[in-house]
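See below for query-v4.tsv, which holds TSV, N, CA and C atoms.
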```tsv
chain	number	residue	atom	x	y	z
A	1	GLN	N	-7.75	11.32	-54.37
A	1	GLN	CA	-8.79	11.72	-55.29
A	1	GLN	C	-9.17	13.18	-55.02
A	2	VAL	N	-9.67	13.85	-56.06
A	2	VAL	CA	-10.05	15.25	-55.94
A	2	VAL	C	-11.33	15.47	-56.71
A	3	GLN	N	-12.18	16.33	-56.18
A	3	GLN	CA	-13.42	16.72	-56.86
A	3	GLN	C	-13.28	18.17	-57.32
A	4	LEU	N	-13.71	18.43	-58.55
A	4	LEU	CA	-13.55	19.75	-59.15
A	4	LEU	C	-14.91	20.32	-59.55
A	5	VAL	N	-15.12	21.60	-59.22
A	5	VAL	CA	-16.37	22.26	-59.56
A	5	VAL	C	-16.05	23.62	-60.17
A	6	GLU	N	-16.49	23.81	-61.43
A	6	GLU	CA	-16.26	25.07	-62.12
A	6	GLU	C	-17.44	26.02	-61.90
A	7	SER	N	-17.15	27.31	-61.97
A	7	SER	CA	-18.19	28.33	-61.87
A	7	SER	C	-17.71	29.59	-62.56
A	8	GLY	N	-18.62	30.53	-62.75
A	8	GLY	CA	-18.25	31.83	-63.29
A	8	GLY	C	-18.60	32.05	-64.75
A	9	GLY	N	-19.14	31.03	-65.39
A	9	GLY	CA	-19.52	31.20	-66.78
A	9	GLY	C	-20.70	32.15	-66.94
A	10	GLY	N	-20.96	32.54	-68.18
A	10	GLY	CA	-22.07	33.43	-68.43
A	10	GLY	C	-22.05	33.93	-69.85
A	11	LEU	N	-22.86	34.96	-70.09
A	11	LEU	CA	-22.97	35.57	-71.42
A	11	LEU	C	-22.29	36.93	-71.38
A	12	VAL	N	-21.44	37.18	-72.36
A	12	VAL	CA	-20.72	38.45	-72.43
A	12	VAL	C	-20.60	38.88	-73.89
A	13	GLN	N	-20.49	40.16	-74.12
A	13	GLN	CA	-20.31	40.64	-75.48
A	13	GLN	C	-18.85	40.51	-75.91
A	14	ALA	N	-18.64	40.45	-77.18
A	14	ALA	CA	-17.29	40.38	-77.72
A	14	ALA	C	-16.47	41.56	-77.19
A	15	GLY	N	-15.23	41.26	-76.81
A	15	GLY	CA	-14.37	42.27	-76.22
A	15	GLY	C	-14.44	42.32	-74.71
A	16	GLY	N	-15.42	41.64	-74.15
A	16	GLY	CA	-15.61	41.62	-72.71
A	16	GLY	C	-14.75	40.59	-72.01
A	17	SER	N	-15.02	40.40	-70.72
A	17	SER	CA	-14.22	39.50	-69.90
A	17	SER	C	-15.10	38.59	-69.06
A	18	LEU	N	-14.54	37.43	-68.73
A	18	LEU	CA	-15.13	36.51	-67.78
A	18	LEU	C	-14.02	35.95	-66.91
A	19	ARG	N	-14.36	35.64	-65.68
A	19	ARG	CA	-13.41	34.98	-64.78
A	19	ARG	C	-14.03	33.69	-64.29
A	20	LEU	N	-13.41	32.59	-64.68
A	20	LEU	CA	-13.88	31.28	-64.27
A	20	LEU	C	-13.09	30.79	-63.07
A	21	SER	N	-13.76	30.02	-62.24
A	21	SER	CA	-13.12	29.42	-61.07
A	21	SER	C	-13.26	27.91	-61.12
A	22	CYS	N	-12.28	27.25	-60.57
A	22	CYS	CA	-12.30	25.78	-60.44
A	22	CYS	C	-11.94	25.48	-58.99
A	23	ALA	N	-12.95	25.10	-58.23
A	23	ALA	CA	-12.74	24.81	-56.81
A	23	ALA	C	-12.49	23.32	-56.63
A	24	ALA	N	-11.43	23.01	-55.92
A	24	ALA	CA	-11.04	21.61	-55.71
A	24	ALA	C	-11.27	21.21	-54.27
A	25	SER	N	-11.73	20.02	-54.07
A	25	SER	CA	-11.88	19.49	-52.72
A	25	SER	C	-11.20	18.13	-52.64
A	26	GLY	N	-10.74	17.79	-51.46
A	26	GLY	CA	-9.97	16.57	-51.29
A	26	GLY	C	-8.70	16.89	-50.53
A	27	ARG	N	-8.16	15.89	-49.87
A	27	ARG	CA	-7.03	16.12	-48.97
A	27	ARG	C	-5.82	16.75	-49.66
A	28	THR	N	-5.57	16.37	-50.91
A	28	THR	CA	-4.37	16.84	-51.61
A	28	THR	C	-4.70	17.76	-52.77
A	29	ALA	N	-5.84	18.41	-52.70
A	29	ALA	CA	-6.31	19.20	-53.84
A	29	ALA	C	-5.31	20.25	-54.28
A	30	SER	N	-4.69	20.95	-53.36
A	30	SER	CA	-3.79	22.05	-53.72
A	30	SER	C	-2.47	21.57	-54.30
A	31	SER	N	-2.20	20.28	-54.28
A	31	SER	CA	-0.93	19.76	-54.78
A	31	SER	C	-1.01	19.33	-56.25
A	32	TYR	N	-2.17	19.48	-56.86
A	32	TYR	CA	-2.33	19.06	-58.25
A	32	TYR	C	-2.00	20.18	-59.22
A	33	THR	N	-1.26	19.84	-60.25
A	33	THR	CA	-1.14	20.69	-61.42
A	33	THR	C	-2.47	20.62	-62.15
A	34	MET	N	-2.95	21.77	-62.65
A	34	MET	CA	-4.31	21.83	-63.18
A	34	MET	C	-4.34	22.36	-64.60
A	35	GLY	N	-5.32	21.88	-65.35
A	35	GLY	CA	-5.50	22.34	-66.72
A	35	GLY	C	-6.92	22.83	-66.97
A	36	TRP	N	-7.04	23.71	-67.93
A	36	TRP	CA	-8.34	24.17	-68.41
A	36	TRP	C	-8.50	23.72	-69.86
A	37	PHE	N	-9.66	23.20	-70.17
A	37	PHE	CA	-10.00	22.79	-71.52
A	37	PHE	C	-11.36	23.37	-71.87
A	38	ARG	N	-11.67	23.38	-73.15
A	38	ARG	CA	-12.99	23.84	-73.58
A	38	ARG	C	-13.48	22.98	-74.74
A	39	GLN	N	-14.81	22.94	-74.86
A	39	GLN	CA	-15.41	22.19	-75.95
A	39	GLN	C	-16.60	22.96	-76.48
A	40	ALA	N	-16.53	23.31	-77.75
A	40	ALA	CA	-17.62	23.99	-78.43
A	40	ALA	C	-18.52	22.95	-79.10
A	41	PRO	N	-19.78	23.29	-79.36
A	41	PRO	CA	-20.69	22.34	-79.99
A	41	PRO	C	-20.13	21.81	-81.31
A	42	GLY	N	-20.12	20.50	-81.44
A	42	GLY	CA	-19.67	19.88	-82.67
A	42	GLY	C	-18.16	19.84	-82.84
A	43	LYS	N	-17.42	20.25	-81.82
A	43	LYS	CA	-15.96	20.26	-81.91
A	43	LYS	C	-15.36	19.40	-80.82
A	44	GLU	N	-14.10	19.02	-81.02
A	44	GLU	CA	-13.40	18.23	-80.02
A	44	GLU	C	-12.95	19.12	-78.86
A	45	ARG	N	-12.71	18.46	-77.74
A	45	ARG	CA	-12.20	19.17	-76.59
A	45	ARG	C	-10.84	19.79	-76.93
A	46	GLU	N	-10.64	21.03	-76.48
A	46	GLU	CA	-9.44	21.79	-76.85
A	46	GLU	C	-8.72	22.27	-75.60
A	47	PHE	N	-7.42	22.14	-75.60
A	47	PHE	CA	-6.59	22.64	-74.50
A	47	PHE	C	-6.62	24.16	-74.49
A	48	VAL	N	-6.80	24.75	-73.31
A	48	VAL	CA	-6.77	26.20	-73.15
A	48	VAL	C	-5.48	26.61	-72.46
A	49	GLY	N	-5.19	26.03	-71.31
A	49	GLY	CA	-3.99	26.36	-70.58
A	49	GLY	C	-3.86	25.50	-69.35
A	50	ALA	N	-2.72	25.61	-68.67
A	50	ALA	CA	-2.48	24.81	-67.48
A	50	ALA	C	-1.51	25.53	-66.57
A	51	ILE	N	-1.55	25.14	-65.29
A	51	ILE	CA	-0.69	25.77	-64.29
A	51	ILE	C	-0.13	24.72	-63.35
A	52	HIS	N	1.16	24.82	-63.09
A	52	HIS	CA	1.83	23.92	-62.17
A	52	HIS	C	1.24	24.09	-60.76
A	53	TRP	N	1.33	23.03	-59.95
A	53	TRP	CA	0.74	23.10	-58.61
A	53	TRP	C	1.31	24.26	-57.79
A	54	SER	N	2.57	24.63	-58.05
A	54	SER	CA	3.20	25.72	-57.30
A	54	SER	C	2.81	27.09	-57.82
A	55	GLY	N	2.21	27.13	-59.01
A	55	GLY	CA	1.90	28.40	-59.63
A	55	GLY	C	3.06	29.01	-60.39
A	56	SER	N	4.19	28.32	-60.43
A	56	SER	CA	5.41	28.88	-61.00
A	56	SER	C	5.43	28.82	-62.53
A	57	THR	N	4.65	27.92	-63.10
A	57	THR	CA	4.71	27.71	-64.55
A	57	THR	C	3.31	27.63	-65.13
A	58	THR	N	3.11	28.32	-66.24
A	58	THR	CA	1.83	28.24	-66.96
A	58	THR	C	2.10	28.03	-68.44
A	59	TYR	N	1.17	27.35	-69.09
A	59	TYR	CA	1.22	27.14	-70.53
A	59	TYR	C	-0.15	27.50	-71.10
A	60	TYR	N	-0.15	28.01	-72.32
A	60	TYR	CA	-1.38	28.41	-72.97
A	60	TYR	C	-1.39	27.93	-74.42
A	61	SER	N	-2.59	27.72	-74.94
A	61	SER	CA	-2.70	27.45	-76.36
A	61	SER	C	-2.47	28.76	-77.11
A	62	ASN	N	-2.08	28.63	-78.35
A	62	ASN	CA	-1.82	29.83	-79.16
A	62	ASN	C	-3.09	30.66	-79.35
A	63	SER	N	-4.23	30.02	-79.34
A	63	SER	CA	-5.47	30.73	-79.61
A	63	SER	C	-5.88	31.66	-78.46
A	64	VAL	N	-5.34	31.46	-77.26
A	64	VAL	CA	-5.73	32.30	-76.13
A	64	VAL	C	-4.56	33.06	-75.52
A	65	LYS	N	-3.35	32.75	-75.97
A	65	LYS	CA	-2.17	33.39	-75.40
A	65	LYS	C	-2.26	34.91	-75.54
A	66	GLY	N	-1.98	35.61	-74.45
A	66	GLY	CA	-2.06	37.06	-74.45
A	66	GLY	C	-3.41	37.60	-74.06
A	67	ARG	N	-4.44	36.73	-74.07
A	67	ARG	CA	-5.79	37.17	-73.70
A	67	ARG	C	-6.26	36.50	-72.40
A	68	PHE	N	-5.85	35.26	-72.18
A	68	PHE	CA	-6.27	34.49	-71.01
A	68	PHE	C	-5.10	34.37	-70.03
A	69	THR	N	-5.45	34.34	-68.74
A	69	THR	CA	-4.44	34.16	-67.70
A	69	THR	C	-4.95	33.16	-66.67
A	70	ILE	N	-4.11	32.19	-66.34
A	70	ILE	CA	-4.44	31.20	-65.32
A	70	ILE	C	-3.66	31.54	-64.06
A	71	SER	N	-4.34	31.46	-62.94
A	71	SER	CA	-3.70	31.67	-61.65
A	71	SER	C	-4.31	30.69	-60.64
A	72	ARG	N	-3.73	30.64	-59.47
A	72	ARG	CA	-4.28	29.74	-58.45
A	72	ARG	C	-4.05	30.31	-57.05
A	73	ASP	N	-4.93	29.92	-56.16
A	73	ASP	CA	-4.80	30.27	-54.75
A	73	ASP	C	-4.87	28.94	-53.99
A	74	ASN	N	-3.73	28.41	-53.63
A	74	ASN	CA	-3.70	27.09	-53.00
A	74	ASN	C	-4.33	27.11	-51.60
A	75	ALA	N	-4.33	28.25	-50.96
A	75	ALA	CA	-4.98	28.34	-49.65
A	75	ALA	C	-6.48	28.11	-49.78
A	76	LYS	N	-7.03	28.47	-50.95
A	76	LYS	CA	-8.46	28.26	-51.22
A	76	LYS	C	-8.70	27.05	-52.11
A	77	SER	N	-7.63	26.36	-52.49
A	77	SER	CA	-7.75	25.20	-53.39
A	77	SER	C	-8.55	25.57	-54.64
A	78	THR	N	-8.25	26.71	-55.22
A	78	THR	CA	-9.00	27.21	-56.37
A	78	THR	C	-8.05	27.68	-57.46
A	79	VAL	N	-8.40	27.33	-58.67
A	79	VAL	CA	-7.68	27.77	-59.86
A	79	VAL	C	-8.61	28.69	-60.66
A	80	TYR	N	-8.04	29.73	-61.23
A	80	TYR	CA	-8.83	30.73	-61.94
A	80	TYR	C	-8.41	30.80	-63.41
A	81	LEU	N	-9.36	31.16	-64.25
A	81	LEU	CA	-9.11	31.42	-65.65
A	81	LEU	C	-9.70	32.79	-65.96
A	82	GLN	N	-8.83	33.78	-66.08
A	82	GLN	CA	-9.26	35.13	-66.43
A	82	GLN	C	-9.24	35.25	-67.95
A	83	MET	N	-10.39	35.55	-68.53
A	83	MET	CA	-10.51	35.61	-69.98
A	83	MET	C	-10.86	37.03	-70.39
A	84	ASN	N	-9.96	37.65	-71.12
A	84	ASN	CA	-10.15	39.03	-71.59
A	84	ASN	C	-10.22	39.07	-73.11
A	85	SER	N	-10.68	40.18	-73.64
A	85	SER	CA	-10.78	40.37	-75.10
A	85	SER	C	-11.46	39.19	-75.75
A	86	LEU	N	-12.57	38.79	-75.19
A	86	LEU	CA	-13.26	37.59	-75.65
A	86	LEU	C	-13.81	37.75	-77.06
A	87	LYS	N	-13.82	36.64	-77.77
A	87	LYS	CA	-14.31	36.58	-79.14
A	87	LYS	C	-15.44	35.57	-79.21
A	88	PRO	N	-16.32	35.69	-80.20
A	88	PRO	CA	-17.40	34.70	-80.34
A	88	PRO	C	-16.88	33.27	-80.43
A	89	GLU	N	-15.72	33.08	-81.02
A	89	GLU	CA	-15.15	31.73	-81.15
A	89	GLU	C	-14.65	31.16	-79.83
A	90	ASP	N	-14.65	31.97	-78.76
A	90	ASP	CA	-14.31	31.46	-77.43
A	90	ASP	C	-15.52	30.79	-76.76
A	91	THR	N	-16.68	30.88	-77.38
A	91	THR	CA	-17.88	30.25	-76.82
A	91	THR	C	-17.70	28.75	-76.72
A	92	ALA	N	-17.88	28.22	-75.50
A	92	ALA	CA	-17.67	26.80	-75.25
A	92	ALA	C	-18.04	26.47	-73.81
A	93	VAL	N	-18.07	25.18	-73.52
A	93	VAL	CA	-18.11	24.72	-72.13
A	93	VAL	C	-16.66	24.58	-71.67
A	94	TYR	N	-16.35	25.22	-70.56
A	94	TYR	CA	-14.99	25.23	-70.03
A	94	TYR	C	-14.92	24.28	-68.83
A	95	CYS	N	-13.93	23.39	-68.87
A	95	CYS	CA	-13.74	22.40	-67.82
A	95	CYS	C	-12.33	22.47	-67.27
A	96	CYS	N	-12.21	22.17	-66.00
A	96	CYS	CA	-10.88	22.03	-65.41
A	96	CYS	C	-10.64	20.55	-65.09
A	97	ALA	N	-9.37	20.20	-64.97
A	97	ALA	CA	-9.00	18.82	-64.67
A	97	ALA	C	-7.64	18.81	-64.00
A	98	ALA	N	-7.36	17.73	-63.33
A	98	ALA	CA	-6.10	17.58	-62.61
A	98	ALA	C	-5.10	16.78	-63.43
A	99	TYR	N	-3.87	17.23	-63.47
A	99	TYR	CA	-2.82	16.55	-64.23
A	99	TYR	C	-2.35	15.33	-63.45
A	100	ILE	N	-2.48	14.16	-64.04
A	100	ILE	CA	-2.05	12.93	-63.37
A	100	ILE	C	-1.11	12.12	-64.25
A	101	GLY	N	-0.64	12.72	-65.35
A	101	GLY	CA	0.23	12.00	-66.27
A	101	GLY	C	1.54	11.57	-65.61
A	102	SER	N	2.10	10.48	-66.08
A	102	SER	CA	3.35	9.97	-65.52
A	102	SER	C	4.55	10.77	-65.99
A	103	ARG	N	4.41	11.44	-67.12
A	103	ARG	CA	5.49	12.26	-67.62
A	103	ARG	C	5.48	13.63	-66.94
A	104	ARG	N	6.68	14.21	-66.82
A	104	ARG	CA	6.80	15.51	-66.17
A	104	ARG	C	5.96	16.55	-66.88
A	105	PHE	N	5.31	17.40	-66.13
A	105	PHE	CA	4.51	18.49	-66.67
A	105	PHE	C	5.43	19.44	-67.43
A	106	SER	N	5.13	19.66	-68.71
A	106	SER	CA	5.96	20.52	-69.55
A	106	SER	C	5.10	21.03	-70.70
A	107	SER	N	5.68	21.88	-71.54
A	107	SER	CA	4.94	22.39	-72.69
A	107	SER	C	4.58	21.26	-73.65
A	108	ASN	N	5.33	20.16	-73.60
A	108	ASN	CA	5.05	19.03	-74.47
A	108	ASN	C	3.96	18.11	-73.95
A	109	THR	N	3.69	18.17	-72.66
A	109	THR	CA	2.72	17.24	-72.06
A	109	THR	C	1.46	17.93	-71.56
A	110	ALA	N	1.49	19.24	-71.40
A	110	ALA	CA	0.38	19.95	-70.75
A	110	ALA	C	-0.91	19.90	-71.55
A	111	SER	N	-0.84	19.80	-72.85
A	111	SER	CA	-2.03	19.95	-73.68
A	111	SER	C	-2.77	18.64	-73.97
A	112	TYR	N	-2.26	17.51	-73.52
A	112	TYR	CA	-2.87	16.22	-73.86
A	112	TYR	C	-3.93	15.83	-72.82
A	113	THR	N	-5.16	15.61	-73.28
A	113	THR	CA	-6.25	15.28	-72.37
A	113	THR	C	-5.98	13.99	-71.61
A	114	GLU	N	-5.26	13.05	-72.21
A	114	GLU	CA	-5.01	11.77	-71.54
A	114	GLU	C	-4.13	11.90	-70.31
A	115	ASN	N	-3.51	13.07	-70.14
A	115	ASN	CA	-2.70	13.31	-68.95
A	115	ASN	C	-3.52	13.88	-67.79
A	116	TYR	N	-4.81	14.01	-67.97
A	116	TYR	CA	-5.66	14.63	-66.96
A	116	TYR	C	-6.76	13.68	-66.51
A	117	SER	N	-7.23	13.92	-65.28
A	117	SER	CA	-8.32	13.14	-64.72
A	117	SER	C	-9.13	14.03	-63.78
A	118	PHE	N	-10.17	13.45	-63.19
A	118	PHE	CA	-11.03	14.13	-62.21
A	118	PHE	C	-11.67	15.39	-62.81
A	119	TRP	N	-12.20	15.23	-64.03
A	119	TRP	CA	-12.78	16.36	-64.75
A	119	TRP	C	-13.99	16.92	-64.01
A	120	GLY	N	-14.10	18.27	-64.02
A	120	GLY	CA	-15.29	18.90	-63.51
A	120	GLY	C	-16.42	18.80	-64.52
A	121	GLN	N	-17.59	19.29	-64.13
A	121	GLN	CA	-18.75	19.18	-65.01
A	121	GLN	C	-18.78	20.28	-66.07
A	122	GLY	N	-18.01	21.33	-65.85
A	122	GLY	CA	-17.90	22.41	-66.82
A	122	GLY	C	-18.82	23.57	-66.54
A	123	THR	N	-18.47	24.71	-67.12
A	123	THR	CA	-19.30	25.91	-67.03
A	123	THR	C	-19.35	26.57	-68.41
A	124	GLN	N	-20.53	27.02	-68.80
A	124	GLN	CA	-20.72	27.56	-70.14
A	124	GLN	C	-20.29	29.01	-70.22
A	125	GLY	N	-19.46	29.31	-71.18
A	125	GLY	CA	-19.10	30.68	-71.49
A	125	GLY	C	-19.58	31.00	-72.89
A	126	THR	N	-20.39	32.04	-73.04
A	126	THR	CA	-20.95	32.42	-74.33
A	126	THR	C	-20.59	33.86	-74.64
A	127	VAL	N	-20.02	34.06	-75.84
A	127	VAL	CA	-19.61	35.39	-76.28
A	127	VAL	C	-20.44	35.79	-77.48
A	128	SER	N	-21.18	36.86	-77.35
A	128	SER	CA	-22.03	37.33	-78.46
A	128	SER	C	-21.29	38.36	-79.29
A	129	SER	N	-21.62	38.37	-80.57
A	129	SER	CA	-20.94	39.31	-81.49
A	129	SER	C	-21.65	40.65	-81.55
```

Once you've parsed the file, please lay out its structure as structure tokens.
Amino acid sequence: QVQLVESGGGLVQAGGSLRLSCAASGRTASSYTMGWFRQAPGKEREFVGAIHWSGSTTYYSNSVKGRFTISRDNAKSTVYLQMNSLKPEDTAVYCCAAYIGSRRFSSNTASYTENYSFWGQGTQGTVSS
């Protein structure tokens, strides 16, 4: 089992940047492939991106590709979401989760919420216009 805690959210103007962190605790925390999701008011949870436990592979949604970057530091059991060129439509609660799906982690499986568990409580990111 793993516990996840997000931090780093805040208020930023359009065009600005935020860096979110997802700190994991638990004996095998650094061995989990991790995903970032977001949920805006009145909308369904949306896949943002994910990173393999080794850091070798990342996937992103089309809406953030080229603007967001996911990285990880396994020595610190922490995954990061660097968000640049932010837009008002990026405003949401951002959550991280651990990939526990039975199917191999790939571009076809990374975006499905049912493949993830141990969700964090989320951190609010707000982008003003």

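Residues surrounding region 77-89 of chain A within 5 Å are A:Ala14, A:Gly15, A:Gly16, A:Ser17, A:Leu18, A:Arg19, A:Leu20, A:Ser21, A:Cys22, A:Ala23, A:Ala24, A:Arg67, A:Phe68, A:Thr69, A:Ile70, A:Ser71, A:Arg72, A:Val127 [all atoms listed in the file; sequence separation below 5 positions excluded].
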
Taking into account only N, CA and C atoms, which residue in the set A:Cys96, A:Asp90, A:Trp53, A:Gly8 is nearest to Trp36 (chain A)? A:Cys96

From the list A:Phe37, A:Tyr60, A:Tyr94, A:Phe47, which residue is nearest Thr126 (chain A) when using only C-alpha atoms?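 Among A:Phe37, A:Tyr60, A:Tyr94, A:Phe47, it is A:Tyr94 that comes nearest to Thr126 (chain A).
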
Every residue of chain A that DSSP places in helix (DSSP H, G or I), as an MDAnalysis selection string: chainID A and resid 29:31 88:90 113:115

Selected residue of minimal separation from Tyr112 (chain A) among A:Ala50, A:Gln124, A:Thr57, A:Val64, counting only C-alpha atoms: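 So, comparing all the options, the nearest one is A:Ala50.
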
Point-to-point distance in Å for atom N of Gly125 (chain A) and atom N of Lys76 (chain A):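 According to the coordinates, atom N of Lys76 (chain A) and atom N of Gly125 (chain A) are separated by 23.8 Å.
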
In Å, rounded to a single decimal, give me how far CA of Val12 (chain A) is from CA of Phe118 (chain A).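 Interatomic distance, CA of Phe118 (chain A) to CA of Val12 (chain A): 28.1 Å.
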
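From CA of Asn74 (chain A) back to CA of Ser117 (chain A), the distance works out to 18.8 Å.
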
Excluding Gln1 (chain A) and its own-chain neighbours fewer than 2 positions away, which residues fall within 6 Å of it when counting all atoms listed in the file? Please give them as number ranges by chain. A: 3, 25-27

Based on DSSP run over this structure's backbone, return all residues of chain A in strand (DSSP E or B), as a PyMOL selection string. chain A and resi 3-7+10-13+18-25+34-39+46-51+58-60+68-73+78-83+92-99+116-117+123-128

Give the answer as one residue: which of A:Asn62, A:Val2, A:Asn115, A:Met34 has the shortest atom-to-atom distance to Ala97 (chain A), using only C-alpha atoms? A:Met34

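By only N, CA and C atoms, and with residues fewer than 5 positions from region 104-108 of chain A along its chain excluded, the set lying at most 8 Å from it is A:His52, A:Thr58, A:Tyr59, A:Tyr60, A:Tyr99.
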